[in-house]
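J.: You'll find data.cif just under this line, and it carries mmCIF, C-alpha atoms and all ligand atoms.
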data_coords
#
loop_
_atom_site.label_atom_id
_atom_site.label_comp_id
_atom_site.auth_asym_id
_atom_site.auth_seq_id
_atom_site.Cartn_x
_atom_site.Cartn_y
_atom_site.Cartn_z
CA MET A 18 -112.15 -14.51 -133.79
CA THR A 19 -108.39 -14.32 -133.36
CA ASP A 20 -108.69 -10.54 -133.36
CA MET A 21 -111.24 -10.59 -130.53
CA ARG A 22 -109.06 -12.92 -128.46
CA ASN A 23 -106.07 -10.67 -128.96
CA ARG A 24 -108.10 -7.66 -128.01
CA ASN A 25 -109.43 -9.35 -124.86
CA PHE A 26 -105.91 -10.40 -123.90
CA LEU A 27 -104.69 -6.84 -124.39
CA LEU A 28 -107.50 -5.46 -122.21
CA ILE A 29 -106.75 -7.94 -119.42
CA PHE A 30 -103.04 -7.14 -119.68
CA VAL A 31 -103.65 -3.37 -119.50
CA GLY A 32 -106.08 -3.90 -116.58
CA CYS A 33 -103.45 -5.90 -114.67
CA MET A 34 -100.83 -3.21 -115.24
CA ILE A 35 -103.17 -0.51 -113.88
CA ILE A 36 -103.89 -2.61 -110.76
CA TYR A 37 -100.17 -3.37 -110.35
CA PHE A 38 -99.14 0.29 -110.50
CA SER A 39 -101.94 1.57 -108.28
CA CYS A 40 -101.10 -0.99 -105.55
CA GLY A 41 -97.35 -0.35 -105.65
CA THR A 42 -95.84 1.54 -102.69
CA LYS A 43 -95.25 5.16 -103.53
CA PRO A 44 -91.60 6.14 -103.35
CA GLU A 45 -90.89 8.85 -100.72
CA LYS A 46 -90.23 12.31 -102.15
CA LYS A 47 -86.56 12.28 -101.04
CA GLY A 48 -85.52 9.02 -102.70
CA TRP A 49 -86.50 6.51 -105.28
CA PHE A 50 -87.04 3.74 -102.74
CA TYR A 51 -89.68 3.98 -100.05
CA LYS A 52 -88.07 4.79 -96.70
CA LYS A 53 -89.86 3.81 -93.50
CA ASN A 54 -90.63 6.63 -91.11
CA SER A 55 -90.79 5.47 -87.48
CA ILE A 56 -91.08 7.81 -84.50
CA GLN A 57 -90.03 6.70 -81.02
CA ILE A 58 -91.61 8.25 -77.91
CA LEU A 59 -89.34 7.82 -74.91
CA LEU A 60 -90.78 8.48 -71.45
CA LEU A 61 -88.16 9.77 -69.06
CA GLY A 62 -89.44 8.79 -65.60
CA ASN A 63 -93.17 8.98 -64.91
CA VAL A 64 -95.35 10.75 -67.45
CA GLU A 65 -99.14 10.94 -67.12
CA ASP A 66 -100.87 8.43 -69.45
CA LYS A 67 -103.26 10.97 -70.97
CA ALA A 68 -100.37 13.29 -71.85
CA VAL A 69 -98.59 10.45 -73.64
CA TRP A 70 -101.72 9.59 -75.63
CA GLU A 71 -102.18 13.22 -76.63
CA VAL A 72 -98.64 13.33 -78.05
CA LYS A 73 -99.07 9.94 -79.72
CA ASP A 74 -102.29 11.08 -81.43
CA MET A 75 -100.67 14.32 -82.55
CA ILE A 76 -97.72 12.40 -84.06
CA ALA A 77 -100.05 10.05 -85.95
CA THR A 78 -102.08 12.97 -87.33
CA GLN A 79 -99.29 15.43 -88.13
CA PHE A 80 -96.29 13.27 -89.03
CA HIS A 81 -97.95 10.11 -90.45
CA PRO A 82 -95.22 7.66 -89.38
CA ASP A 83 -95.44 3.98 -90.33
CA THR A 84 -94.94 3.06 -86.67
CA ILE A 85 -94.84 4.76 -83.28
CA LEU A 86 -92.64 3.06 -80.73
CA LEU A 87 -93.25 3.70 -77.02
CA THR A 88 -90.30 3.16 -74.66
CA HIS A 89 -89.19 4.08 -71.12
CA ALA A 90 -85.89 5.12 -69.56
CA PRO A 91 -84.77 6.63 -66.24
CA LEU A 92 -83.65 10.24 -65.95
CA PRO A 93 -79.86 10.14 -65.61
CA ASP A 94 -78.42 11.78 -62.47
CA SER A 95 -75.48 12.99 -64.57
CA CYS A 96 -77.81 15.56 -66.18
CA ILE A 97 -78.95 17.14 -62.89
CA THR A 98 -78.01 20.74 -62.17
CA THR A 99 -78.60 22.74 -58.99
CA ILE A 100 -77.47 26.16 -60.23
CA LYS A 101 -80.95 27.40 -59.29
CA THR A 102 -83.49 24.73 -58.38
CA LYS A 103 -82.96 21.04 -59.15
CA ARG A 104 -83.36 20.66 -62.90
CA TYR A 105 -82.09 18.52 -65.76
CA ARG A 106 -79.82 20.01 -68.41
CA ALA A 107 -81.61 19.65 -71.73
CA ASP A 108 -78.44 19.68 -73.89
CA LYS A 109 -76.95 16.84 -71.82
CA LEU A 110 -80.26 14.97 -72.03
CA LEU A 111 -80.19 15.20 -75.84
CA ARG A 112 -76.79 13.49 -75.86
CA TYR A 113 -78.18 10.80 -73.54
CA LEU A 114 -81.20 10.33 -75.83
CA THR A 115 -79.00 9.42 -78.79
CA THR A 116 -77.88 6.38 -76.78
CA ARG A 117 -81.52 5.43 -76.19
CA LYS A 118 -82.69 5.76 -79.79
CA ASP A 119 -83.91 2.51 -81.31
CA LYS A 120 -82.16 1.48 -84.55
CA SER A 121 -85.50 1.38 -86.35
CA ALA A 122 -86.51 4.91 -85.28
CA THR A 123 -86.20 7.84 -87.67
CA LYS A 124 -86.77 10.36 -84.87
CA LEU A 125 -87.06 10.19 -81.09
CA ILE A 126 -89.10 12.52 -78.90
CA ALA A 127 -88.58 12.28 -75.14
CA LEU A 128 -91.22 13.43 -72.66
CA THR A 129 -90.58 14.30 -69.04
CA GLU A 130 -92.46 15.93 -66.17
CA GLN A 131 -89.19 17.29 -64.75
CA ASP A 132 -88.03 20.86 -65.34
CA ILE A 133 -85.31 21.16 -68.01
CA SER A 134 -82.86 24.00 -68.71
CA VAL A 135 -80.01 25.32 -70.84
CA THR A 136 -77.53 28.16 -70.64
CA LYS A 137 -78.53 30.99 -72.95
CA TYR A 138 -75.69 32.65 -74.81
CA GLY A 139 -75.70 36.13 -76.28
CA GLU A 140 -73.24 37.88 -78.55
CA LYS A 141 -69.56 36.82 -78.62
CA GLY A 142 -70.43 33.51 -76.97
CA LYS A 143 -70.93 35.09 -73.54
CA ILE A 144 -73.80 34.11 -71.25
CA LYS A 145 -76.74 36.38 -72.02
CA SER A 146 -77.28 39.19 -69.56
CA PRO A 147 -78.41 39.14 -66.76
CA THR A 148 -76.19 36.14 -66.09
CA TYR A 149 -78.05 35.01 -62.93
CA LYS A 150 -81.14 34.59 -65.09
CA TYR A 151 -79.67 32.96 -68.18
CA ALA A 152 -76.91 30.75 -66.71
CA ASP A 153 -79.61 28.16 -66.10
CA TRP A 154 -82.73 29.03 -68.05
CA GLY A 155 -85.83 26.83 -67.77
CA ILE A 156 -87.25 25.78 -71.16
CA MET A 157 -90.26 23.93 -72.59
CA GLY A 158 -88.37 21.81 -75.10
CA LEU A 159 -85.15 21.45 -77.05
CA ALA A 160 -84.19 20.09 -80.46
CA TYR A 161 -81.40 20.67 -82.94
CA ARG A 162 -82.48 21.40 -86.49
CA GLY A 163 -82.21 18.24 -88.56
CA GLY A 164 -81.25 16.19 -85.47
CA GLY A 165 -82.62 12.78 -84.61
CA VAL A 166 -83.74 13.44 -81.04
CA CYS A 167 -85.69 16.10 -79.13
CA ILE A 168 -87.07 16.61 -75.64
CA VAL A 169 -90.25 18.20 -74.27
CA SER A 170 -90.93 18.96 -70.62
CA CYS A 171 -94.48 19.18 -69.22
CA PHE A 172 -93.22 21.32 -66.32
CA ARG A 173 -93.68 24.81 -67.83
CA LEU A 174 -96.80 23.90 -69.82
CA GLN A 175 -99.02 23.19 -66.80
CA SER A 176 -102.34 24.97 -66.39
CA GLU A 177 -105.40 24.48 -64.20
CA ASP A 178 -107.20 24.10 -67.50
CA LYS A 179 -106.20 20.54 -68.46
CA LYS A 180 -107.34 21.03 -72.07
CA LEU A 181 -104.98 23.98 -72.39
CA PHE A 182 -102.12 21.93 -70.93
CA TYR A 183 -102.63 19.10 -73.47
CA GLN A 184 -102.90 21.62 -76.29
CA ARG A 185 -99.59 23.22 -75.24
CA LEU A 186 -97.97 19.82 -74.97
CA ARG A 187 -99.10 18.86 -78.47
CA LYS A 188 -97.89 22.19 -79.90
CA VAL A 189 -94.45 22.12 -78.25
CA SER A 190 -94.00 18.46 -79.29
CA MET A 191 -94.95 19.37 -82.87
CA HIS A 192 -92.55 22.31 -82.76
CA GLU A 193 -89.54 20.31 -81.50
CA LEU A 194 -90.14 17.41 -83.92
CA GLY A 195 -90.61 20.05 -86.63
CA HIS A 196 -87.03 21.23 -85.90
CA ASN A 197 -85.80 17.63 -86.18
CA TYR A 198 -87.41 17.44 -89.60
CA GLY A 199 -85.33 20.45 -90.64
CA ASN A 200 -87.61 23.42 -90.00
CA PRO A 201 -86.13 26.65 -88.58
CA HIS A 202 -88.32 29.14 -86.67
CA CYS A 203 -91.10 30.51 -88.85
CA SER A 204 -92.06 34.15 -89.35
CA ASP A 205 -95.75 33.20 -89.51
CA LYS A 206 -96.98 33.79 -85.94
CA THR A 207 -99.87 31.35 -86.40
CA CYS A 208 -97.54 28.53 -87.52
CA VAL A 209 -96.52 26.07 -84.80
CA MET A 210 -92.86 26.68 -85.80
CA THR A 211 -93.00 30.31 -84.58
CA ASP A 212 -90.32 31.20 -82.00
CA ALA A 213 -91.85 31.13 -78.50
CA VAL A 214 -89.48 33.98 -77.53
CA GLU A 215 -89.43 32.81 -73.92
CA ARG A 216 -93.18 33.22 -73.47
CA ILE A 217 -95.93 30.63 -73.07
CA SER A 218 -98.39 33.19 -74.54
CA THR A 219 -96.64 32.79 -77.92
CA VAL A 220 -97.30 29.03 -77.75
CA ASP A 221 -100.95 29.73 -76.90
CA GLY A 222 -101.18 32.19 -79.80
CA ALA A 223 -99.89 29.72 -82.42
CA GLN A 224 -102.19 27.25 -84.12
CA GLU A 225 -101.76 23.48 -84.12
CA TRP A 226 -100.63 23.45 -87.72
CA PHE A 227 -97.59 23.82 -89.96
CA CYS A 228 -97.82 26.60 -92.51
CA GLU A 229 -97.46 25.52 -96.15
CA LYS A 230 -93.70 26.17 -96.18
CA CYS A 231 -93.01 24.21 -92.94
CA GLU A 232 -95.38 21.39 -93.92
CA LYS A 233 -93.19 20.63 -96.95
CA LYS A 234 -90.33 19.44 -94.72
CA ILE A 235 -92.46 16.94 -92.81
ZN ZN A 301 -87.87 26.32 -81.65
ZN ZN A 302 -94.26 27.85 -90.77
#
Would you mind giving the structure from this file in structure tokens?
T.:
Amino acid sequence: MTDMRNRNFLLIFVGCMIIYFSCGTKPEKKGWFYKKNSIQILLLGNVEDKAVWEVKDMIATQFHPDTILLTHAPLPDSCITTIKTKRYRADKLLRYLTTRKDKSATKLIALTEQDISVTKYGEKGKIKSPTYKYADWGIMGLAYRGGGVCIVSCFRLQSEDKKLFYQRLRKVSMHELGHNYGNPHCSDKTCVMTDAVERISTVDGAQEWFCEKCEKKI
């Protein structure tokens, strides 16, 4: 009788331990304690609702954050350049974005409908040739590897085919956030981390996925 009771007690105890361990929060791969992963989407000026939802859905599916925070901010005049047409300097915008990042956010992705640009440098730190072309070069997005903020512009992704535009927007957003999570450009041309090499066709040629190697960093 005593034996049976002891055995029942042991079974209940073991059962409780199994339930306890299976319900416990899994520690994140990088540390022993679970770290929250929160991604902030910042809309710079007006951005079409559907475009925002497409990016939000992509983030939920590809990056699995605990929360997605949606915020708004104006485009700062201090980032305007008129070297060619009126554009916003992407490198200056990234600095501005760090001031707009919520304390709770792990990463911030900004979306804008305005055209953004950088100066492209070649060897020896000189502006890439031809200078008139690269002094103010329009881009689709910008992020520093391992940084906390990135920016994506809808301007160069537009197409009469709306589905294609949303697909490009999702891919470029994935790509820039992928840089923030530490990924460099990938040699796999089908991976979303492939270098666009200044062509929208490269973006269209890539798939909406991270290859196995790039996926590991997310
Ligand atoms: Zn890139
Ligand atoms: Zn890859």
J.: Could you tell me which of A:Gln57, A:Thr207, A:Ser146, A:Gln184 comes closest to A:Ala127 if we count all atoms listed in the file?
T.: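 Residue with the minimum atom-to-atom distance to A:Ala127: A:Gln57.
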J.: As a quick test: using all atoms listed in the file, which residues lie no more than 9 Å away from ligand ZN 301 (chain A)? Give them as a list in words.
T.: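 Within the 9 Å cut-off, the matching residues are Gly158, Leu159, Ala160, Tyr161, Arg162, Val189, His192, Glu193, Gly195, His196, Asn200, Pro201, His202, Cys203, Met210, Thr211, Asp212, Ala213 and Val214 of chain A.
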J.: As an exercise, work out the distance from atom CA of A:Leu114 to atom CA of A:Gly62 in Å and give it to one decimal place.
T.: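 Computed distance, atom CA of A:Leu114 to atom CA of A:Gly62, equals 13.2 Å.
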J.: Within 6 Å of ligand ZN 302 (chain A), counting only C-alpha atoms and all ligand atoms, which protein or nucleic acid residues do you find, written as a short mmCIF file (atom, residue, chain, number, x, y, z; two decimals) with C-alpha atoms, in the frame of the given file?
T.:
data_model
loop_
_atom_site.label_atom_id
_atom_site.label_comp_id
_atom_site.auth_asym_id
_atom_site.auth_seq_id
_atom_site.Cartn_x
_atom_site.Cartn_y
_atom_site.Cartn_z
CA CYS A 203 -91.10 30.51 -88.85
CA ASP A 205 -95.75 33.20 -89.51
CA CYS A 208 -97.54 28.53 -87.52
CA MET A 210 -92.86 26.68 -85.80
CA PHE A 227 -97.59 23.82 -89.96
CA CYS A 228 -97.82 26.60 -92.51
CA LYS A 230 -93.70 26.17 -96.18
CA CYS A 231 -93.01 24.21 -92.94
#
J.: Taking 4 positions as the minimum chain separation for residues in the same chain, which residues sit within 9 Å of A:Gly165 when counting all atoms listed in the file? Answer as a list in words.
T.: Thr115, Lys118, Ala122, Thr123, Lys124, Leu125, Ile126, Ala160, Tyr161, Leu194, Asn197 and Tyr198 of chain A
J.: Could you give me, as a count of residues only, the residues within 12 Å of A:Ile58, counting all atoms listed in the file and dropping anything in the same chain fewer than 5 positions from it?
T.: 36
J.: Take the point (-80.8, 33.3, -64.1) as written in the file and pick out every residue within 12 Å of it, counting all atoms listed in the file; give the list as a list in words.
T.: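 Within 12 Å of (-80.8, 33.3, -64.1), the protein and nucleic acid residues are Thr99, Ile100, Lys101, Thr102, Ser134, Val135, Thr136, Lys137, Tyr138, Ile144, Lys145, Ser146, Pro147, Thr148, Tyr149, Lys150, Tyr151, Ala152, Asp153, Trp154 and Gly155 of chain A.
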J.: Using all atoms listed in the file, which residues sit within 9 Å of A:Lys188 once same-chain residues fewer than 6 positions away are excluded, as a PyMOL selection string?
T.: chain A and resi 75+209-210+220-221+223-226
J.: Compile the contact shell of A:Met157 as number ranges by chain: residues with an atom at most 8 Å away, counting only C-alpha atoms, same-chain residues fewer than 4 positions apart removed.
T.: A: 133, 169-174, 189
J.: Between atom CA of A:Lys141 and atom CA of A:Glu215, what distance in Å does the model show, to one decimal?
T.: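 Taking atom CA of A:Lys141 as the start and atom CA of A:Glu215 as the end point, the length is 20.8 Å.
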J.: Which of these, A:Ile217, A:Ile235, A:Pro82, A:Leu61, has the shortest distance to A:Ser176 once you count only C-alpha atoms?
T.: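 That would be A:Ile217, the residue with the smallest distance to A:Ser176.
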J.: Check the smallest atom-to-atom distance from each of A:Phe80, A:Asp132, A:Gly142, A:Ile156 to A:Ile56 using all atoms listed in the file, then report the winner.
T.: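 Under the stated criterion, the closest residue is A:Phe80.
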J.: At a cut-off of 10 Å, using all atoms listed in the file, what residues contact stretch 92-94 of chain A? Leave out same-chain residues fewer than 6 positions from it and give the result as an MDAnalysis selection string.
T.: chainID A and resid 60:63 105 109:110 113 129 131
J.: Please determine, counting all atoms listed in the file, which residue among A:Ser121, A:Arg106, A:Lys53, A:Glu130 has the shortest atom-to-atom distance to A:Gln175.
T.: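 Under the stated criterion, the closest residue is A:Glu130.
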J.: Ranking A:Met191, A:Lys143, A:Pro91, A:Lys179 by minimum distance to A:Leu59 and counting only C-alpha atoms, which one comes first?
T.: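 Closest to A:Leu59, using only C-alpha atoms: A:Pro91.
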J.: Between atom CA of A:Glu232 and atom CA of A:Gln79, what is the distance, to one decimal in Å?
T.: 9.2 Å
